[in-house]
Amino acid sequence: MRGLRHSIIVKMIAVIGILLIVVCTLFVFRQNNQQERLLMQSFEQRLEVIMNLEVREIVSSITNASFSFNSNKNSDNLASNPNFRLMKGKLDVIANDDILNAFIMMPRSEGAKEIKVIQGSSNFDAQGFKPGSMLPLQPQMEAAYAKMLKNGIALSEEFQVDDQILVTALAPIKDNQGKMVGVFGMDYDYTIIKKQLNQMTMETIAISIAIELVGILALIWYIRFQLKPLIRMKALAAQAADGDMTVRLQVSGKSEISQVAQAFNLMIGKLNSLLIDVKSASDGVSRATKELGTAAEETALSASDVSASMQQVASGVQVQLQSTEQTKQAMAEIAVGVQALSETSSFVFDKMNASSTQADEGREVITRTVEQMVAIQQASEETNASLAGLTKEVSEISDAVKFIQGVVKQTELLALNASIEAARAGEHGKGFQVVAHEVRKLAEHSKSSLDHIMQLITNIHSRREATEQAASEQQLAVTQGLKVVQDADEAFVSISHAVHEISEQVKDANIIAMEMSAACEEVTASLDELTHIAVQSHDFSEQVSAATEEQTAMTEQMKASVDQLQNLSTQLERQLTHFKM
């Protein structure tokens, strides 16, 4: 975070600093030029003042000196001329400080490269330019002379004579009739001017540097103040990437940075809401899977009870078959004993009592079988009710999974929007892009898990339909077996009555031997039918047992699917624990 802040501040200060340096440099050059122009204007003003105050007083002397100069060829005599002495005194007064030379010249002849000196100051005279001598015109002075003829007062460009840098100011000297009788000139020491300009430039540079330093310090403070929201946003984005969805930025103002902060808060808020919805849906799926697992366990227990009951029914049917076989054997013995009924009536009476006892026992077996078949029918109805509840819970799970799929689609859409906003944010949106990428991965993983869950729910629906069909067939078989067992019970009742009548009439066995033989034949036929019913009951019980085992296997598969769904829900909850909402 500190590296980011320093990088941005250094870059911005470098750019603004360069701009300030350029601006200050231009300002220094402009000030330098302006100061130089002001100095030149001051020279012109001084020249104009000197012309009005000093030179105007000696115009007549200049005119007389010029006439004397033309009439007298001897320059030595000119030095004692009052007019020349007056001019020299004035010029010596003018030539002081930064004015090195003051001189008066004759007007230049057209095309001449030199100009005749009338009089000069002492310094000018020491340089060899005495009255009547010719002064060669420098190119700068020649240009200034032409400018003087046009504007009245002119300054030359700087030029060098020996070790000195000079600027010459020229002004025309006119008489009362406006005729130019001479040219007044002054040589300024441009070295002094340069020193003054350099001093002014240094002062300007110092002021510029001070302004630049103040501007940079103010810029550093302003940049640090403006970058605080971005630096805070980077830290909060890192916290959000670690799973903390409660972070928010304090937003104030309507600047672009404030708008970015508002967009950041809006994105974090929507992600928080989305994760809350996903967590709620995950909790619903977890509760539904637990309830489904409980229902599957109860179904498995019911199937186990049904299987155990059917095993008992099969055992009872086997006992019934054995009893029927024994009864058939007993009836065979009765048929044989009918031939010797008169001799063995007492023995037959005992056997009939025994047969009556066996018939009562057979009826008790049938009664227990009926009770077991009723229990099987009740268990089958409970199985159907459990399957109906299971169907409803599976439908609720399917609705919850569809809702989660909608949430996952919304998550993918929000992740895509976050990626787009992050791409628009550029360098500052890289943290947002990481968050959006992680959310998209979570949504894709959730979508894959939900597709697998939907496949499991589809399998559960298919197996539930098969289970319902098997349960319906089981209930039909139980109903038919119950009817057969009830018929067997009625048959045993008939046998019991018949045996009782035989035992009461055994004393008259000889009389009713033929009737007894017919009755034995009827009992044998009934026993055959009872055997056939018992065989059918045994087959039905085996079918019900097989259907129950298949239901148990399907219940185990459903329980395994529920466990897998619960594991997926637990994994989703574990992933959601990384987020603080």
# chains A, B, ... in the order shown; residues from 1 in each chain; ligands from 1

$ select_by_dssp --residues "segment 138-331 of chain A" --states "strand (DSSP E or B)" --output "PyMOL selection string"
chain A and resi 154-155+159-161+164-174+180-189+244

$ residues_around --residues "segment 177-190 of chain A" --least-positions-apart "4" --cutoff "8 Å" --atoms "only C-alpha atoms" --output "number ranges by chain"
A: 62-63, 66, 95, 98-107, 158, 164-173, 194

$ closest_residue --among "A:Ser561, A:Pro136, A:Leu39, A:Val394" --to "Ile192 of chain A" --atoms "only C-alpha atoms"
A:Leu39

$ closest_residue --among "A:Arg440, A:Lys483, A:Arg37, A:Arg287" --to "Val374 of chain A" --atoms "only C-alpha atoms"
A:Lys483

$ atom_distance --atom1 "atom CA of Phe29 of chain A" --atom2 "atom CA of Asp162 of chain A"
28.6 Å

$ residues_around --residues "segment 273-279 of chain A" --least-positions-apart "5" --cutoff "12 Å" --atoms "only C-alpha atoms" --output "mmCIF file with N, CA, C and O atoms, in the first residue's frame"
data_model
loop_
_atom_site.group_PDB
_atom_site.id
_atom_site.type_symbol
_atom_site.label_atom_id
_atom_site.label_comp_id
_atom_site.auth_asym_id
_atom_site.auth_seq_id
_atom_site.Cartn_x
_atom_site.Cartn_y
_atom_site.Cartn_z
ATOM 1 N N GLY A 243 -12.271 -12.728 2.027
ATOM 2 C CA GLY A 243 -13.564 -13.252 2.447
ATOM 3 C C GLY A 243 -14.388 -12.323 3.313
ATOM 4 O O GLY A 243 -15.512 -12.678 3.679
ATOM 5 N N ASP A 244 -13.871 -11.154 3.673
ATOM 6 C CA ASP A 244 -14.612 -10.224 4.529
ATOM 7 C C ASP A 244 -15.525 -9.363 3.658
ATOM 8 O O ASP A 244 -15.073 -8.442 2.981
ATOM 9 N N MET A 245 -16.837 -9.680 3.657
ATOM 10 C CA MET A 245 -17.802 -8.950 2.835
ATOM 11 C C MET A 245 -18.487 -7.818 3.609
ATOM 12 O O MET A 245 -19.462 -7.245 3.122
ATOM 13 N N THR A 246 -17.982 -7.509 4.826
ATOM 14 C CA THR A 246 -18.602 -6.431 5.620
ATOM 15 C C THR A 246 -17.884 -5.106 5.439
ATOM 16 O O THR A 246 -18.286 -4.116 6.051
ATOM 17 N N LEU A 266 -21.187 -0.651 -3.684
ATOM 18 C CA LEU A 266 -22.324 -1.331 -4.302
ATOM 19 C C LEU A 266 -21.949 -2.754 -4.691
ATOM 20 O O LEU A 266 -22.732 -3.696 -4.458
ATOM 21 N N MET A 267 -20.758 -2.947 -5.254
ATOM 22 C CA MET A 267 -20.326 -4.286 -5.651
ATOM 23 C C MET A 267 -20.192 -5.199 -4.427
ATOM 24 O O MET A 267 -20.675 -6.335 -4.436
ATOM 25 N N ILE A 268 -19.539 -4.707 -3.361
ATOM 26 C CA ILE A 268 -19.375 -5.523 -2.158
ATOM 27 C C ILE A 268 -20.740 -5.863 -1.548
ATOM 28 O O ILE A 268 -20.980 -6.976 -1.083
ATOM 29 N N GLY A 284 -30.804 -24.742 3.491
ATOM 30 C CA GLY A 284 -32.041 -25.461 3.139
ATOM 31 C C GLY A 284 -31.746 -26.826 2.545
ATOM 32 O O GLY A 284 -32.400 -27.823 2.868
ATOM 33 N N VAL A 285 -30.745 -26.888 1.653
ATOM 34 C CA VAL A 285 -30.371 -28.178 1.059
ATOM 35 C C VAL A 285 -29.853 -29.126 2.135
ATOM 36 O O VAL A 285 -30.166 -30.330 2.133
ATOM 37 N N SER A 286 -29.059 -28.593 3.074
ATOM 38 C CA SER A 286 -28.521 -29.441 4.143
ATOM 39 C C SER A 286 -29.647 -30.022 5.002
ATOM 40 O O SER A 286 -29.658 -31.217 5.305
ATOM 41 N N ALA A 400 -35.520 -26.465 -4.327
ATOM 42 C CA ALA A 400 -34.405 -25.731 -3.709
ATOM 43 C C ALA A 400 -33.203 -25.699 -4.627
ATOM 44 O O ALA A 400 -32.527 -24.680 -4.756
ATOM 45 N N VAL A 401 -32.930 -26.836 -5.291
ATOM 46 C CA VAL A 401 -31.781 -26.885 -6.217
ATOM 47 C C VAL A 401 -32.012 -25.953 -7.391
ATOM 48 O O VAL A 401 -31.100 -25.260 -7.846
ATOM 49 N N PHE A 403 -33.779 -23.240 -7.312
ATOM 50 C CA PHE A 403 -33.561 -21.870 -6.789
ATOM 51 C C PHE A 403 -32.070 -21.559 -6.686
ATOM 52 O O PHE A 403 -31.620 -20.473 -7.060
ATOM 53 N N ILE A 404 -31.290 -22.575 -6.205
ATOM 54 C CA ILE A 404 -29.833 -22.376 -6.112
ATOM 55 C C ILE A 404 -29.235 -22.181 -7.495
ATOM 56 O O ILE A 404 -28.321 -21.390 -7.687
ATOM 57 N N GLN A 405 -29.768 -22.933 -8.500
ATOM 58 C CA GLN A 405 -29.276 -22.732 -9.870
ATOM 59 C C GLN A 405 -29.522 -21.309 -10.333
ATOM 60 O O GLN A 405 -28.682 -20.712 -10.997
ATOM 61 N N GLY A 406 -30.691 -20.770 -9.992
ATOM 62 C CA GLY A 406 -30.956 -19.360 -10.340
ATOM 63 C C GLY A 406 -29.978 -18.432 -9.656
ATOM 64 O O GLY A 406 -29.483 -17.472 -10.239
ATOM 65 N N VAL A 407 -29.695 -18.732 -8.368
ATOM 66 C CA VAL A 407 -28.725 -17.901 -7.635
ATOM 67 C C VAL A 407 -27.344 -18.000 -8.274
ATOM 68 O O VAL A 407 -26.631 -17.021 -8.412
ATOM 69 N N VAL A 408 -26.964 -19.234 -8.704
ATOM 70 C CA VAL A 408 -25.655 -19.416 -9.347
ATOM 71 C C VAL A 408 -25.590 -18.637 -10.652
ATOM 72 O O VAL A 408 -24.586 -18.017 -10.981
ATOM 73 N N LYS A 409 -26.689 -18.662 -11.438
ATOM 74 C CA LYS A 409 -26.705 -17.875 -12.680
ATOM 75 C C LYS A 409 -26.541 -16.399 -12.373
ATOM 76 O O LYS A 409 -25.817 -15.689 -13.057
ATOM 77 N N GLN A 410 -27.256 -15.934 -11.333
ATOM 78 C CA GLN A 410 -27.113 -14.510 -10.955
ATOM 79 C C GLN A 410 -25.695 -14.219 -10.495
ATOM 80 O O GLN A 410 -25.138 -13.169 -10.781
ATOM 81 N N THR A 411 -25.071 -15.207 -9.791
ATOM 82 C CA THR A 411 -23.673 -15.040 -9.366
ATOM 83 C C THR A 411 -22.758 -14.901 -10.564
ATOM 84 O O THR A 411 -21.874 -14.059 -10.600
ATOM 85 N N GLU A 412 -22.968 -15.767 -11.591
ATOM 86 C CA GLU A 412 -22.137 -15.672 -12.805
ATOM 87 C C GLU A 412 -22.330 -14.322 -13.474
ATOM 88 O O GLU A 412 -21.360 -13.695 -13.928
ATOM 89 N N LEU A 413 -23.607 -13.864 -13.537
ATOM 90 C CA LEU A 413 -23.863 -12.558 -14.164
ATOM 91 C C LEU A 413 -23.193 -11.426 -13.387
ATOM 92 O O LEU A 413 -22.564 -10.537 -13.972
ATOM 93 N N LEU A 414 -23.301 -11.460 -12.044
ATOM 94 C CA LEU A 414 -22.658 -10.424 -11.230
ATOM 95 C C LEU A 414 -21.143 -10.483 -11.362
ATOM 96 O O LEU A 414 -20.474 -9.455 -11.397
ATOM 97 N N ALA A 415 -20.568 -11.718 -11.437
ATOM 98 C CA ALA A 415 -19.121 -11.841 -11.629
ATOM 99 C C ALA A 415 -18.686 -11.248 -12.950
ATOM 100 O O ALA A 415 -17.667 -10.589 -13.050
ATOM 101 N N VAL A 439 -15.241 -15.409 -7.524
ATOM 102 C CA VAL A 439 -16.699 -15.607 -7.468
ATOM 103 C C VAL A 439 -17.166 -16.441 -8.652
ATOM 104 O O VAL A 439 -18.025 -17.326 -8.538
ATOM 105 N N LEU A 442 -16.293 -20.030 -8.008
ATOM 106 C CA LEU A 442 -17.246 -20.597 -7.039
ATOM 107 C C LEU A 442 -18.582 -20.893 -7.705
ATOM 108 O O LEU A 442 -19.190 -21.944 -7.471
ATOM 109 N N ALA A 443 -19.046 -19.987 -8.578
ATOM 110 C CA ALA A 443 -20.321 -20.194 -9.269
ATOM 111 C C ALA A 443 -20.240 -21.391 -10.199
ATOM 112 O O ALA A 443 -21.165 -22.209 -10.272
ATOM 113 N N SER A 446 -20.254 -24.474 -8.074
ATOM 114 C CA SER A 446 -21.608 -24.682 -7.545
ATOM 115 C C SER A 446 -22.536 -25.204 -8.624
ATOM 116 O O SER A 446 -23.370 -26.084 -8.385
ATOM 117 N N LYS A 447 -22.381 -24.668 -9.855
ATOM 118 C CA LYS A 447 -23.228 -25.128 -10.960
ATOM 119 C C LYS A 447 -22.980 -26.593 -11.259
ATOM 120 O O LYS A 447 -23.920 -27.371 -11.480
ATOM 121 N N SER A 569 -23.361 -30.491 0.039
ATOM 122 C CA SER A 569 -23.870 -29.344 0.796
ATOM 123 C C SER A 569 -22.889 -28.914 1.879
ATOM 124 O O SER A 569 -22.661 -27.725 2.095
ATOM 125 N N THR A 570 -22.269 -29.901 2.548
ATOM 126 C CA THR A 570 -21.264 -29.576 3.576
ATOM 127 C C THR A 570 -20.067 -28.870 2.962
ATOM 128 O O THR A 570 -19.527 -27.913 3.524
ATOM 129 N N GLN A 571 -19.635 -29.344 1.773
ATOM 130 C CA GLN A 571 -18.513 -28.688 1.085
ATOM 131 C C GLN A 571 -18.852 -27.253 0.728
ATOM 132 O O GLN A 571 -18.031 -26.347 0.875
ATOM 133 N N LEU A 572 -20.100 -27.031 0.247
ATOM 134 C CA LEU A 572 -20.520 -25.667 -0.080
ATOM 135 C C LEU A 572 -20.545 -24.788 1.171
ATOM 136 O O LEU A 572 -20.103 -23.635 1.144
ATOM 137 N N GLU A 573 -21.053 -25.333 2.283
ATOM 138 C CA GLU A 573 -21.068 -24.572 3.538
ATOM 139 C C GLU A 573 -19.647 -24.259 4.005
ATOM 140 O O GLU A 573 -19.374 -23.172 4.508
ATOM 141 N N ARG A 574 -18.727 -25.243 3.831
ATOM 142 C CA ARG A 574 -17.342 -25.006 4.234
ATOM 143 C C ARG A 574 -16.711 -23.900 3.398
ATOM 144 O O ARG A 574 -15.944 -23.087 3.907
ATOM 145 N N GLN A 575 -17.034 -23.865 2.102
ATOM 146 C CA GLN A 575 -16.520 -22.778 1.256
ATOM 147 C C GLN A 575 -17.120 -21.439 1.665
ATOM 148 O O GLN A 575 -16.444 -20.403 1.610
ATOM 149 N N LEU A 576 -18.376 -21.439 2.068
ATOM 150 C CA LEU A 576 -19.013 -20.179 2.459
ATOM 151 C C LEU A 576 -18.489 -19.654 3.786
ATOM 152 O O LEU A 576 -18.632 -18.465 4.087
ATOM 153 N N THR A 577 -17.887 -20.549 4.601
ATOM 154 C CA THR A 577 -17.349 -20.074 5.881
ATOM 155 C C THR A 577 -16.155 -19.152 5.701
ATOM 156 O O THR A 577 -15.770 -18.449 6.640
ATOM 157 N N HIS A 578 -15.557 -19.150 4.503
ATOM 158 C CA HIS A 578 -14.430 -18.246 4.247
ATOM 159 C C HIS A 578 -14.885 -16.797 4.127
ATOM 160 O O HIS A 578 -14.054 -15.891 4.144
ATOM 161 N N PHE A 579 -16.180 -16.593 3.963
ATOM 162 C CA PHE A 579 -16.706 -15.240 3.767
ATOM 163 C C PHE A 579 -17.360 -14.754 5.054
ATOM 164 O O PHE A 579 -18.101 -15.485 5.714
ATOM 165 N N LYS A 580 -17.051 -13.503 5.397
ATOM 166 C CA LYS A 580 -17.681 -12.846 6.539
ATOM 167 C C LYS A 580 -18.757 -11.920 5.999
ATOM 168 O O LYS A 580 -18.474 -10.980 5.287
ATOM 169 N N MET A 581 -20.033 -12.193 6.367
ATOM 170 C CA MET A 581 -21.166 -11.468 5.777
ATOM 171 C C MET A 581 -21.890 -10.674 6.845
ATOM 172 O O MET A 581 -21.860 -11.038 8.018
#

$ residues_around --residues "Lys392 of chain A" --least-positions-apart "2" --cutoff "12 Å" --atoms "only C-alpha atoms" --output "ChimeraX atom specification"
/A:288,291-292,295,385-390,394-399,457,460-461,464

$ select_by_dssp --residues "segment 115-328 of chain A" --states "alpha helix (DSSP H)" --output "PyMOL selection string"
chain A and resi 122-126+139-151+190-241+256-328

$ closest_residue --among "A:Val117, A:Ala418, A:Ala218, A:Val55" --to "Met87 of chain A" --atoms "only C-alpha atoms"
A:Val55
